[in-house]
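Here is input_13.txt, consisting of compact mmCIF, C-alpha atoms and all ligand atoms:
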# COMPACT_ATOMS: atom_id res chain seq x y z
CA MET S 111 18.01 -35.46 5.19
CA ALA S 112 20.77 -34.66 7.67
CA GLU S 113 19.96 -31.86 10.09
CA HIS S 114 22.48 -29.10 10.67
CA ALA S 115 22.32 -26.70 13.53
CA GLN S 116 23.54 -23.75 11.39
CA THR S 117 20.99 -20.97 11.83
CA GLY S 118 23.07 -17.82 12.35
CA PRO S 119 25.07 -15.96 9.69
CA LEU S 120 28.10 -17.60 8.11
CA ARG S 121 31.60 -16.31 7.72
CA LEU S 122 31.39 -14.68 4.29
CA THR S 123 34.56 -14.49 2.22
CA THR S 124 34.54 -11.33 0.13
CA GLN S 125 36.34 -10.93 -3.13
CA TYR S 126 35.43 -7.64 -4.77
CA VAL S 127 36.02 -6.84 -8.43
CA PRO S 128 39.46 -5.14 -8.42
CA GLU S 129 39.28 -1.36 -8.70
CA GLU S 130 40.89 -1.31 -12.16
CA SER S 131 38.31 -3.80 -13.52
CA ARG S 132 35.20 -2.11 -12.11
CA VAL S 133 32.60 -0.86 -14.58
CA SER S 134 33.25 2.88 -14.95
CA THR S 135 30.65 5.35 -13.69
CA THR S 136 29.90 6.43 -17.26
CA ALA S 137 29.46 2.85 -18.48
CA ARG S 138 27.30 1.99 -15.49
CA GLU S 139 25.08 5.02 -15.99
CA PHE S 140 24.72 4.11 -19.66
CA ARG S 141 23.69 0.55 -18.83
CA MET S 142 21.26 1.75 -16.18
CA ARG S 143 19.55 4.22 -18.50
CA GLU S 144 17.02 1.83 -20.05
CA PRO S 145 17.53 -1.40 -18.15
CA GLY S 146 14.19 -3.08 -18.94
CA PHE S 147 13.88 -6.12 -16.70
CA GLY S 148 16.37 -8.87 -15.91
CA ARG S 149 19.02 -8.01 -18.48
CA VAL S 150 21.44 -5.63 -16.75
CA PHE S 151 23.29 -7.52 -14.03
CA THR S 152 25.52 -6.05 -11.36
CA GLU S 153 29.19 -6.78 -10.69
CA HIS S 154 28.96 -9.23 -7.80
CA MET S 155 27.10 -12.33 -6.69
CA VAL S 156 26.79 -14.39 -3.54
CA LEU S 157 27.40 -18.13 -3.64
CA ILE S 158 26.93 -20.44 -0.66
CA ARG S 159 27.18 -24.22 -0.69
CA TRP S 160 25.29 -26.91 1.15
CA SER S 161 26.13 -30.58 1.41
CA SER S 162 24.63 -33.35 3.49
CA ASP S 163 28.06 -33.78 5.11
CA ASN S 164 28.87 -30.15 5.88
CA GLY S 165 25.58 -28.26 5.94
CA TRP S 166 25.91 -24.61 4.86
CA HIS S 167 29.53 -23.71 4.11
CA ASP S 168 31.86 -21.86 1.72
CA ALA S 169 29.94 -18.58 1.71
CA GLU S 170 31.42 -16.12 -0.76
CA LEU S 171 30.68 -12.74 -2.21
CA ARG S 172 32.56 -12.67 -5.49
CA PRO S 173 32.60 -11.11 -8.97
CA TYR S 174 29.58 -11.98 -11.12
CA ALA S 175 30.64 -14.78 -13.45
CA PRO S 176 29.34 -17.96 -15.11
CA LEU S 177 29.07 -21.02 -12.89
CA THR S 178 30.93 -24.26 -13.29
CA LEU S 179 28.44 -27.11 -12.99
CA ASP S 180 28.81 -30.81 -13.56
CA PRO S 181 26.71 -31.71 -16.63
CA ALA S 182 25.03 -34.34 -14.44
CA ALA S 183 23.98 -31.75 -11.81
CA ALA S 184 20.64 -33.03 -10.57
CA GLY S 185 18.99 -29.60 -10.67
CA LEU S 186 19.49 -29.38 -14.43
CA HIS S 187 17.84 -32.72 -15.07
CA TYR S 188 15.09 -33.04 -12.50
CA GLY S 189 14.27 -29.43 -11.77
CA GLN S 190 15.27 -29.45 -8.12
CA ALA S 191 15.49 -25.67 -7.88
CA VAL S 192 13.58 -22.89 -6.11
CA PHE S 193 13.99 -19.15 -6.33
CA GLU S 194 12.84 -15.79 -5.00
CA GLY S 195 12.41 -12.28 -6.34
CA LEU S 196 12.66 -9.19 -4.13
CA LYS S 197 13.64 -5.58 -4.59
CA ALA S 198 15.99 -2.99 -3.11
CA TYR S 199 14.88 0.62 -3.53
CA ALA S 200 16.67 3.95 -3.30
CA LEU S 201 15.00 5.80 -0.43
CA ALA S 202 14.09 9.46 -0.51
CA ASP S 203 16.55 10.08 2.36
CA GLY S 204 19.48 8.69 0.36
CA GLY S 205 19.51 5.25 2.00
CA ILE S 206 18.61 1.87 0.55
CA GLY S 207 15.66 -0.28 1.62
CA VAL S 208 15.00 -3.94 0.82
CA PHE S 209 11.30 -4.76 0.87
CA ARG S 210 10.34 -7.53 3.33
CA PRO S 211 13.40 -9.80 2.95
CA GLY S 212 12.27 -11.82 5.98
CA GLU S 213 9.05 -12.81 4.18
CA HIS S 214 10.98 -13.87 1.09
CA ALA S 215 13.33 -15.88 3.32
CA ARG S 216 10.33 -17.63 4.84
CA ARG S 217 8.87 -18.39 1.44
CA ILE S 218 12.03 -19.89 -0.06
CA ARG S 219 12.20 -22.20 2.93
CA ARG S 220 8.66 -23.40 2.28
CA SER S 221 9.41 -23.79 -1.43
CA ALA S 222 12.57 -25.75 -0.59
CA ARG S 223 10.64 -28.03 1.76
CA ARG S 224 8.14 -28.88 -0.99
CA LEU S 225 10.99 -29.89 -3.32
CA ALA S 226 12.84 -31.87 -0.61
CA MET S 227 15.72 -29.38 -0.55
CA PRO S 228 17.66 -27.99 2.43
CA GLU S 229 15.97 -24.92 3.92
CA VAL S 230 18.10 -21.79 3.68
CA PRO S 231 18.09 -20.27 7.21
CA ALA S 232 16.60 -16.76 7.27
CA ALA S 233 19.82 -15.33 8.75
CA ILE S 234 21.87 -16.68 5.83
CA PHE S 235 19.32 -15.51 3.25
CA CYS S 236 19.26 -11.98 4.68
CA GLN S 237 23.04 -11.90 5.11
CA ALA S 238 23.49 -12.81 1.43
CA VAL S 239 21.02 -10.13 0.30
CA ASP S 240 22.64 -7.47 2.51
CA ALA S 241 26.14 -8.34 1.35
CA LEU S 242 25.19 -8.12 -2.33
CA VAL S 243 23.27 -4.84 -1.92
CA HIS S 244 26.24 -3.46 -0.04
CA ALA S 245 28.74 -4.49 -2.72
CA ASP S 246 26.58 -3.26 -5.61
CA ARG S 247 24.93 -0.25 -3.94
CA ASP S 248 25.97 1.97 -6.88
CA TRP S 249 23.62 -0.11 -9.06
CA VAL S 250 20.48 0.75 -7.07
CA PRO S 251 18.73 3.17 -9.44
CA ALA S 252 17.51 6.48 -8.07
CA GLU S 253 14.53 7.07 -10.34
CA PRO S 254 11.25 6.55 -8.44
CA GLY S 255 9.67 3.21 -9.36
CA SER S 256 12.96 1.71 -10.48
CA SER S 257 14.77 -0.79 -8.29
CA LEU S 258 17.49 -3.35 -7.92
CA TYR S 259 15.81 -6.73 -8.43
CA LEU S 260 17.41 -9.47 -6.33
CA ARG S 261 17.19 -13.05 -7.47
CA PRO S 262 18.09 -15.74 -4.93
CA LEU S 263 18.24 -19.28 -6.36
CA LEU S 264 18.78 -22.64 -4.67
CA LEU S 265 19.89 -25.33 -7.11
CA ALA S 266 20.81 -29.02 -6.72
CA THR S 267 24.39 -29.48 -7.92
CA GLU S 268 25.11 -33.10 -7.00
CA ALA S 269 26.34 -35.04 -10.03
CA SER S 270 23.86 -37.87 -10.00
CA LEU S 271 21.17 -39.05 -12.36
CA GLY S 272 19.51 -41.13 -9.70
CA VAL S 273 16.04 -39.75 -8.96
CA HIS S 274 16.28 -38.70 -5.33
CA SER S 275 16.78 -35.55 -3.30
CA ALA S 276 20.34 -34.34 -4.04
CA ALA S 277 23.08 -34.27 -1.42
CA GLU S 278 24.71 -31.02 -2.68
CA TYR S 279 23.30 -27.59 -3.48
CA VAL S 280 24.36 -24.07 -4.24
CA PHE S 281 22.48 -20.99 -3.02
CA LEU S 282 23.08 -17.97 -5.24
CA VAL S 283 22.00 -14.35 -5.13
CA ILE S 284 22.36 -12.18 -8.22
CA ALA S 285 20.96 -8.70 -8.88
CA SER S 286 19.72 -6.79 -11.89
CA VAL S 287 18.54 -3.27 -12.50
CA ALA S 288 14.77 -2.98 -13.05
CA ALA S 289 13.06 -0.08 -14.81
CA PRO S 290 9.76 1.24 -13.46
CA VAL S 291 6.82 -0.71 -14.87
CA SER S 292 4.43 1.51 -16.79
CA VAL S 293 0.81 0.96 -15.85
CA ALA S 294 -0.68 3.56 -18.16
CA THR S 295 -2.43 0.89 -20.23
CA PRO S 296 -4.41 -1.79 -18.40
CA LEU S 297 -3.53 -5.39 -19.16
CA LYS S 298 -5.57 -7.45 -21.58
CA VAL S 299 -5.92 -10.92 -20.17
CA TRP S 300 -6.74 -14.36 -21.57
CA ILE S 301 -8.66 -16.83 -19.44
CA CYS S 302 -7.02 -20.20 -20.06
CA GLU S 303 -9.47 -23.09 -20.11
CA ASP S 304 -7.37 -25.92 -21.50
CA TYR S 305 -4.17 -25.97 -19.42
CA SER S 306 -3.49 -25.68 -15.69
CA ARG S 307 -0.72 -23.90 -13.81
CA ALA S 308 -1.17 -25.78 -10.57
CA VAL S 309 -3.07 -28.80 -9.31
CA PRO S 310 -4.12 -29.72 -5.77
CA GLY S 311 -1.21 -31.53 -4.14
CA GLY S 312 1.22 -30.15 -6.75
CA THR S 313 3.90 -27.46 -6.58
CA GLY S 314 1.77 -24.38 -7.33
CA ALA S 315 2.49 -22.73 -3.99
CA ALA S 316 6.28 -23.20 -4.39
CA LYS S 317 8.36 -20.77 -6.44
CA CYS S 318 10.03 -23.36 -8.65
CA PRO S 319 11.22 -23.11 -12.27
CA GLY S 320 9.03 -25.97 -13.50
CA ASN S 321 5.88 -23.95 -12.84
CA TYR S 322 7.20 -21.23 -15.12
CA ALA S 323 8.30 -23.64 -17.87
CA ALA S 324 4.80 -25.09 -17.94
CA SER S 325 3.25 -21.64 -18.35
CA LEU S 326 5.21 -20.45 -21.39
CA LEU S 327 3.16 -22.24 -24.04
CA VAL S 328 -0.01 -20.76 -22.57
CA GLN S 329 1.56 -17.30 -22.45
CA GLU S 330 2.17 -17.65 -26.21
CA GLN S 331 -1.43 -18.72 -26.66
CA ALA S 332 -2.56 -15.58 -24.82
CA ARG S 333 -0.39 -13.45 -27.11
CA GLY S 334 -2.00 -15.17 -30.08
CA HIS S 335 -5.35 -13.91 -28.79
CA GLY S 336 -3.98 -10.38 -28.53
CA CYS S 337 -3.60 -10.57 -24.73
CA ASP S 338 -0.72 -9.68 -22.39
CA GLN S 339 -1.22 -12.25 -19.65
CA VAL S 340 -2.89 -15.54 -18.79
CA VAL S 341 -5.57 -15.92 -16.13
CA TRP S 342 -5.32 -19.32 -14.46
CA LEU S 343 -8.43 -21.16 -13.30
CA ASP S 344 -8.65 -23.98 -10.78
CA ALA S 345 -7.55 -27.23 -12.43
CA LEU S 346 -10.48 -29.40 -11.35
CA ARG S 347 -13.53 -27.45 -12.49
CA ARG S 348 -11.97 -24.56 -14.39
CA GLU S 349 -14.33 -22.12 -12.75
CA ARG S 350 -12.47 -20.30 -9.99
CA VAL S 351 -9.91 -17.64 -10.83
CA GLU S 352 -6.60 -18.39 -9.12
CA GLU S 353 -3.76 -16.25 -10.46
CA MET S 354 -2.72 -14.11 -13.39
CA GLY S 355 0.56 -14.97 -15.08
CA ALA S 356 3.04 -15.02 -12.21
CA MET S 357 1.00 -12.53 -10.21
CA ASN S 358 -1.84 -12.62 -7.71
CA ILE S 359 -5.18 -11.06 -8.57
CA PHE S 360 -7.61 -8.72 -6.82
CA PHE S 361 -11.16 -7.63 -7.67
CA VAL S 362 -12.74 -4.38 -6.49
CA PHE S 363 -16.50 -4.52 -6.06
CA GLY S 364 -18.63 -1.41 -5.59
CA PRO S 365 -20.12 0.89 -4.49
CA PRO S 366 -17.41 3.52 -5.10
CA ASP S 367 -17.78 5.07 -1.63
CA ALA S 368 -17.37 1.67 0.09
CA PRO S 369 -15.20 -0.54 -2.11
CA ARG S 370 -14.79 -4.18 -1.20
CA LEU S 371 -11.63 -5.94 -2.33
CA VAL S 372 -11.69 -9.65 -3.01
CA THR S 373 -8.73 -11.93 -3.68
CA PRO S 374 -8.75 -15.72 -3.96
CA PRO S 375 -7.89 -17.47 -0.67
CA LEU S 376 -4.45 -19.09 -0.46
CA SER S 377 -4.27 -22.81 -1.12
CA ASP S 378 -1.64 -25.17 -2.47
CA THR S 379 -2.48 -23.98 -6.00
CA ILE S 380 -1.82 -20.28 -5.32
CA LEU S 381 1.60 -18.74 -4.79
CA PRO S 382 1.47 -16.71 -1.55
CA GLY S 383 2.66 -13.35 -2.88
CA VAL S 384 4.41 -10.92 -0.57
CA THR S 385 2.80 -8.10 -2.59
CA ARG S 386 -0.63 -9.73 -2.12
CA ASP S 387 -0.05 -9.91 1.62
CA SER S 388 1.20 -6.31 1.79
CA LEU S 389 -1.78 -5.00 -0.19
CA ILE S 390 -4.30 -6.77 2.04
CA THR S 391 -2.77 -4.99 5.03
CA LEU S 392 -2.48 -1.60 3.27
CA ALA S 393 -6.04 -1.80 1.92
CA ARG S 394 -7.45 -2.44 5.40
CA GLU S 395 -5.42 0.47 6.77
CA LEU S 396 -6.93 2.67 4.03
CA GLY S 397 -10.37 1.67 5.29
CA TYR S 398 -11.30 -0.76 2.52
CA GLN S 399 -13.02 -4.04 3.25
CA VAL S 400 -10.94 -7.00 2.11
CA ALA S 401 -12.16 -10.58 1.74
CA GLU S 402 -10.26 -13.69 0.74
CA GLU S 403 -12.90 -15.64 -1.14
CA PRO S 404 -13.19 -17.45 -4.47
CA VAL S 405 -14.30 -15.54 -7.58
CA THR S 406 -15.50 -17.56 -10.56
CA LYS S 407 -15.00 -16.52 -14.17
CA ALA S 408 -18.83 -16.44 -14.48
CA ARG S 409 -19.07 -13.95 -11.60
CA TRP S 410 -16.25 -11.87 -13.07
CA ARG S 411 -18.19 -11.58 -16.32
CA ALA S 412 -21.62 -10.99 -14.79
CA ALA S 413 -20.38 -8.42 -12.27
CA SER S 414 -18.47 -6.57 -15.01
CA ALA S 415 -21.67 -6.45 -17.06
CA ASP S 416 -23.91 -5.18 -14.23
CA GLY S 417 -21.31 -2.70 -13.01
CA SER S 418 -20.95 -4.16 -9.49
CA LEU S 419 -17.33 -5.12 -10.26
CA ARG S 420 -15.55 -1.83 -10.80
CA GLU S 421 -11.86 -2.73 -10.99
CA ALA S 422 -9.49 -5.67 -11.23
CA PHE S 423 -5.73 -5.67 -10.85
CA ALA S 424 -2.76 -8.00 -10.64
CA CYS S 425 0.16 -7.66 -8.24
CA GLY S 426 3.66 -8.99 -7.74
CA THR S 427 7.14 -7.79 -6.89
CA ALA S 428 8.15 -7.23 -10.51
CA VAL S 429 5.06 -5.26 -11.61
CA VAL S 430 3.90 -3.97 -8.18
CA VAL S 431 0.23 -3.28 -9.11
CA ALA S 432 -1.09 -3.54 -12.68
CA PRO S 433 -4.67 -2.73 -13.70
CA ILE S 434 -6.67 -5.23 -15.77
CA GLY S 435 -8.96 -3.96 -18.51
CA GLU S 436 -10.15 -6.30 -21.23
CA VAL S 437 -10.80 -9.95 -20.52
CA SER S 438 -10.98 -12.58 -23.28
CA SER S 439 -11.92 -16.23 -23.14
CA ALA S 440 -13.11 -18.93 -25.51
CA ALA S 441 -16.64 -17.90 -24.55
CA GLY S 442 -16.23 -14.22 -25.44
CA SER S 443 -14.76 -10.93 -24.22
CA TRP S 444 -15.73 -8.25 -21.74
CA THR S 445 -14.27 -5.21 -20.03
CA THR S 446 -13.94 -4.64 -16.30
CA GLY S 447 -14.63 -1.07 -15.19
CA ASP S 448 -14.13 1.58 -17.82
CA GLY S 449 -11.01 -0.06 -19.24
CA ARG S 450 -8.70 2.32 -17.34
CA ALA S 451 -6.88 2.02 -14.02
CA GLY S 452 -9.52 2.61 -11.35
CA PRO S 453 -9.19 4.83 -8.27
CA VAL S 454 -8.70 1.98 -5.78
CA THR S 455 -6.03 0.37 -7.97
CA ARG S 456 -4.22 3.71 -8.28
CA ARG S 457 -4.49 4.49 -4.60
CA LEU S 458 -3.10 1.12 -3.54
CA ARG S 459 -0.28 1.32 -6.04
CA GLN S 460 0.61 4.77 -4.74
CA ALA S 461 0.49 3.64 -1.11
CA LEU S 462 2.81 0.75 -1.82
CA THR S 463 5.27 2.71 -3.97
CA ASP S 464 5.41 5.46 -1.30
CA LEU S 465 6.35 2.79 1.20
CA HIS S 466 9.02 1.43 -1.15
CA ARG S 467 10.58 4.89 -1.39
CA GLY S 468 10.50 5.44 2.34
CA ILE S 469 8.15 8.43 2.11
CA ALA S 470 5.18 6.77 3.86
CA PRO S 471 5.11 5.61 7.47
CA ASP S 472 6.30 2.01 7.82
CA PRO S 473 4.51 0.78 10.96
CA HIS S 474 5.22 -2.88 10.18
CA GLY S 475 8.94 -2.42 9.54
CA TRP S 476 8.68 -3.76 6.00
CA LEU S 477 11.67 -1.80 4.70
CA HIS S 478 14.90 -3.38 5.78
CA ARG S 479 17.94 -1.15 5.59
CA PRO S 480 20.95 -3.34 4.88
CA ARG S 481 23.83 -2.59 7.15
CA LEU S 482 26.04 -0.92 4.65
CA GLU S 483 29.09 -2.06 6.57
CA ILE S 484 29.27 -5.84 6.74
CA SER S 485 31.70 -7.45 9.12
CA VAL S 486 33.48 -10.42 7.58
C1 LIG N 501 6.35 -14.74 -7.48
C2 LIG N 501 4.93 -15.04 -7.84
C3 LIG N 501 3.86 -14.21 -7.45
C4 LIG N 501 4.05 -12.88 -6.77
O1 LIG N 501 4.69 -12.96 -5.55
P1 LIG N 501 5.36 -11.64 -4.91
O2 LIG N 501 5.95 -12.13 -3.65
O3 LIG N 501 4.28 -10.67 -4.72
O4 LIG N 501 6.38 -11.18 -5.91
C5 LIG N 501 2.58 -14.60 -7.77
N1 LIG N 501 2.34 -15.73 -8.44
C6 LIG N 501 3.32 -16.56 -8.85
C7 LIG N 501 2.99 -17.79 -9.58
C8 LIG N 501 4.66 -16.23 -8.56
O5 LIG N 501 5.63 -17.05 -8.97
Show me, as structure tokens, the structure contained in the file I just sent.
Ligand SMILES: *Cc1c(COP(=O)(O)O)cnc(C)c1O
Amino acid sequence: MAEHAQTGPLRLTTQYVPEESRVSTTAREFRMREPGFGRVFTEHMVLIRWSSDNGWHDAELRPYAPLTLDPAAAGLHYGQAVFEGLKAYALADGGIGVFRPGEHARRIRRSARRLAMPEVPAAIFCQAVDALVHADRDWVPAEPGSSLYLRPLLLATEASLGVHSAAEYVFLVIASVAAPVSVATPLKVWICEDYSRAVPGGTGAAKCPGNYAASLLVQEQARGHGCDQVVWLDALRRERVEEMGAMNIFFVFGPPDAPRLVTPPLSDTILPGVTRDSLITLARELGYQVAEEPVTKARWRAASADGSLREAFACGTAVVVAPIGEVSSAAGSWTTGDGRAGPVTRRLRQALTDLHRGIAPDPHGWLHRPRLEISV
């Protein structure tokens, strides 16, 4: 693949929705009232092209609209696509903070590398995010726990049915309003023992659409068993717990006065979550022990039964932190803890959401305040 020296920001052409066509304040407030997740999109998008001849070029901020794609676009046929998910929050001081965009930029580069795609430079990724948040700042919801969910996507657009890494791509960023996720009721989870999300040497550590497509049938299976989410085991022995749905998983072992958090160690079958990484750091700062070590389904069951495992929770950008209650598998069901969100789960969720809102100290500089004036 041709190398291009482009690493700094690009010249971004901006075309805002004309004043007379903007969504009115009343209409916007109506649409933001119960946004759910991933349905209410904002008024602008960023679109940047890459070709093997020109590298990154044609960077635009423009009105949100359908794309024109050649029906032979390689990404549609062979799944050469990677994406990200990150959030912008309204801060208590009236500003806007994007949570760890640099980490998301790093991850999409690693995902792109795995799928033989051009790596979006961090400066371009962050510039695109800033420009969109700036243009659509009125769509960042104020209610605590709600957010503007940003979805960067890199997609192969070259019209070619030959099976090879494409020579043309588009990098997009769109945004949608996300309601707070209620965690009043712990998740019921289904341990999947007949399908795998990720295999050693596969694409499990890359955020690519194919991983999601492959999970949908199993998600339906979980629903059929009365569960909300799937727990994925290692593909080879189906013993070790790896992830939950599209979230990472943590276990909290006792005793209550000295909890010990355990999360599976990263490998090429586990998506390296930014939330997972943030919680490991926050938990240590709160004085908890944290270990990255494998947990088998057998240990999960036995430690739930003898009371040494007190809590389990899942985490990810969309949900933040979600407690796990009932666990079902082909071999039977059990409950972790007392079936309610435990104190460590609640404390970590609070610590992270306080950070998101800018009301907790941010010693690591995780909240990035987009420059609300972008030079073009
Ligand atoms: C995105 C994702 C996560 C969570 O990552 P965050 O950066 O915390 O949002 C976990 N597992 C899978 C499979 C994912 O796709």
Distance atom CA of Ala288 of chain S-atom CA of Pro382 of chain S, one decimal place?
->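 So the answer is 22.3 Å.
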Please write as a VMD selection string the list of polymer residues whose atoms come within 9 Å of (24.7, -15.4, 10.2), counting only C-alpha atoms and keeping to the coordinates of the file.
-> chain S and resid 116 to 122 231 to 237
Just to be explicit: take each residue in the selection above, keep C-alpha atoms, and write the result as a PDB file, in the frame of the given file.
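Below is the file part31.pdb, written as the result:
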ATOM      1  CA  GLN S 116      23.540 -23.750  11.390  1.00  0.00           C
ATOM      2  CA  THR S 117      20.990 -20.970  11.830  1.00  0.00           C
ATOM      3  CA  GLY S 118      23.070 -17.820  12.350  1.00  0.00           C
ATOM      4  CA  PRO S 119      25.070 -15.960   9.690  1.00  0.00           C
ATOM      5  CA  LEU S 120      28.100 -17.600   8.110  1.00  0.00           C
ATOM      6  CA  ARG S 121      31.600 -16.310   7.720  1.00  0.00           C
ATOM      7  CA  LEU S 122      31.390 -14.680   4.290  1.00  0.00           C
ATOM      8  CA  PRO S 231      18.090 -20.270   7.210  1.00  0.00           C
ATOM      9  CA  ALA S 232      16.600 -16.760   7.270  1.00  0.00           C
ATOM     10  CA  ALA S 233      19.820 -15.330   8.750  1.00  0.00           C
ATOM     11  CA  ILE S 234      21.870 -16.680   5.830  1.00  0.00           C
ATOM     12  CA  PHE S 235      19.320 -15.510   3.250  1.00  0.00           C
ATOM     13  CA  CYS S 236      19.260 -11.980   4.680  1.00  0.00           C
ATOM     14  CA  GLN S 237      23.040 -11.900   5.110  1.00  0.00           C
TER      15      GLN S 237
END
Identify which of the residues S:His244, S:His214, S:Arg138, S:Lys197 lies closest to Arg467 of chain S, counting all atoms listed in the file when measuring atom-to-atom distances.
->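 Of S:His244, S:His214, S:Arg138, S:Lys197, the one nearest Arg467 of chain S is S:Lys197, counting all atoms listed in the file.
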All residues having an atom within 7 Å of ligand LIG 501 (chain N) (only C-alpha atoms and all ligand atoms) as a PyMOL selection string = chain S and resi 195-196+317+353+355-358+380-386+425-428
What residues have an atom no more than 10 Å from (10.0, -18.1, 4.2) in the file's own frame, counting only C-alpha atoms, and can you write them as a ChimeraX atom specification?
-> /S:194,211-222,229-232,235
Selection above as a file: C-alpha atoms, as a PDB file, in the frame of the given file:
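Full text of part.pdb as output:
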ATOM      1  CA  GLU S 194      12.840 -15.790  -5.000  1.00  0.00           C
ATOM      2  CA  PRO S 211      13.400  -9.800   2.950  1.00  0.00           C
ATOM      3  CA  GLY S 212      12.270 -11.820   5.980  1.00  0.00           C
ATOM      4  CA  GLU S 213       9.050 -12.810   4.180  1.00  0.00           C
ATOM      5  CA  HIS S 214      10.980 -13.870   1.090  1.00  0.00           C
ATOM      6  CA  ALA S 215      13.330 -15.880   3.320  1.00  0.00           C
ATOM      7  CA  ARG S 216      10.330 -17.630   4.840  1.00  0.00           C
ATOM      8  CA  ARG S 217       8.870 -18.390   1.440  1.00  0.00           C
ATOM      9  CA  ILE S 218      12.030 -19.890  -0.060  1.00  0.00           C
ATOM     10  CA  ARG S 219      12.200 -22.200   2.930  1.00  0.00           C
ATOM     11  CA  ARG S 220       8.660 -23.400   2.280  1.00  0.00           C
ATOM     12  CA  SER S 221       9.410 -23.790  -1.430  1.00  0.00           C
ATOM     13  CA  ALA S 222      12.570 -25.750  -0.590  1.00  0.00           C
ATOM     14  CA  GLU S 229      15.970 -24.920   3.920  1.00  0.00           C
ATOM     15  CA  VAL S 230      18.100 -21.790   3.680  1.00  0.00           C
ATOM     16  CA  PRO S 231      18.090 -20.270   7.210  1.00  0.00           C
ATOM     17  CA  ALA S 232      16.600 -16.760   7.270  1.00  0.00           C
ATOM     18  CA  PHE S 235      19.320 -15.510   3.250  1.00  0.00           C
TER      19      PHE S 235
END
Kindly give the distance, in Å, that separates atom CA of Ala245 of chain S and atom CA of Ile206 of chain S, rounded to a single decimal.
->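 Taking atom CA of Ala245 of chain S as the start and atom CA of Ile206 of chain S as the end point, the length is 12.4 Å.
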Which one of S:Phe360, S:Trp444, S:Tyr279, S:Trp166 sits closest to Val192 of chain S if you count all atoms listed in the file?
->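 Comparing S:Phe360, S:Trp444, S:Tyr279, S:Trp166 against Val192 of chain S, the winner is S:Tyr279.
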With distances taken over only C-alpha atoms, the candidate from S:Lys298, S:Arg247, S:Arg411, S:Arg210 nearest His474 of chain S is S:Arg210
When distances are computed from only C-alpha atoms, which of S:Ala401, S:Cys302, S:Ala276, S:Ala451 shows the smallest separation from Glu421 of chain S?
-> S:Ala451
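Going from atom CA of Arg261 of chain S over to atom CA of Ala175 of chain S, you cover 14.8 Å.
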Residue contacts of segment 309-314 of chain S (12 Å, only C-alpha atoms) excluding same-chain residues fewer than 2 positions away, as a PyMOL selection string | chain S and resi 189-192+220-226+305-307+316-322+324-325+342-348+352-353+356+376-383
Mind writing the picked residues with C-alpha atoms as a CSV table (one decimal), in the coordinates of the input?
chain,number,residue,atom,x,y,z
S,189,GLY,CA,14.3,-29.4,-11.8
S,190,GLN,CA,15.3,-29.4,-8.1
S,191,ALA,CA,15.5,-25.7,-7.9
S,192,VAL,CA,13.6,-22.9,-6.1
S,220,ARG,CA,8.7,-23.4,2.3
S,221,SER,CA,9.4,-23.8,-1.4
S,222,ALA,CA,12.6,-25.8,-0.6
S,223,ARG,CA,10.6,-28.0,1.8
S,224,ARG,CA,8.1,-28.9,-1.0
S,225,LEU,CA,11.0,-29.9,-3.3
S,226,ALA,CA,12.8,-31.9,-0.6
S,305,TYR,CA,-4.2,-26.0,-19.4
S,306,SER,CA,-3.5,-25.7,-15.7
S,307,ARG,CA,-0.7,-23.9,-13.8
S,316,ALA,CA,6.3,-23.2,-4.4
S,317,LYS,CA,8.4,-20.8,-6.4
S,318,CYS,CA,10.0,-23.4,-8.6
S,319,PRO,CA,11.2,-23.1,-12.3
S,320,GLY,CA,9.0,-26.0,-13.5
S,321,ASN,CA,5.9,-24.0,-12.8
S,322,TYR,CA,7.2,-21.2,-15.1
S,324,ALA,CA,4.8,-25.1,-17.9
S,325,SER,CA,3.2,-21.6,-18.4
S,342,TRP,CA,-5.3,-19.3,-14.5
S,343,LEU,CA,-8.4,-21.2,-13.3
S,344,ASP,CA,-8.6,-24.0,-10.8
S,345,ALA,CA,-7.6,-27.2,-12.4
S,346,LEU,CA,-10.5,-29.4,-11.4
S,347,ARG,CA,-13.5,-27.4,-12.5
S,348,ARG,CA,-12.0,-24.6,-14.4
S,352,GLU,CA,-6.6,-18.4,-9.1
S,353,GLU,CA,-3.8,-16.2,-10.5
S,356,ALA,CA,3.0,-15.0,-12.2
S,376,LEU,CA,-4.4,-19.1,-0.5
S,377,SER,CA,-4.3,-22.8,-1.1
S,378,ASP,CA,-1.6,-25.2,-2.5
S,379,THR,CA,-2.5,-24.0,-6.0
S,380,ILE,CA,-1.8,-20.3,-5.3
S,381,LEU,CA,1.6,-18.7,-4.8
S,382,PRO,CA,1.5,-16.7,-1.6
S,383,GLY,CA,2.7,-13.4,-2.9
Given all atoms listed in the file as the counted atoms, nearest of S:Ala277, S:Val328, S:Ile359, S:Ala440 to Asp163 of chain S |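 Between S:Ala277, S:Val328, S:Ile359, S:Ala440, the residue approaching Asp163 of chain S most closely is S:Ala277.
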Nearest to Ser275 of chain S: which of S:Gly165, S:Pro473, S:Pro228, S:Gly364 is it, counting all atoms listed in the file?
->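 Among the listed residues, S:Pro228 lies closest to Ser275 of chain S.
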Excluding Leu186 of chain S and its own-chain neighbours fewer than 5 positions away, which residues fall within 9 Å of it when counting only C-alpha atoms? Please give them as a tab-separated table (two decimals) with C-alpha atoms, in the frame of the given file.
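To be explicit, this is the file written out as selection_7.tsv:
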chain	number	residue	atom	x	y	z
S	181	PRO	CA	26.71	-31.71	-16.63
S	191	ALA	CA	15.49	-25.67	-7.88
S	265	LEU	CA	19.89	-25.33	-7.11
S	266	ALA	CA	20.81	-29.02	-6.72
S	267	THR	CA	24.39	-29.48	-7.92
Residue contacts of segment 251-257 of chain S (6 Å, all atoms listed in the file) excluding same-chain residues fewer than 3 positions away, as a VMD selection string = chain S and resid 198 to 200 288 to 290
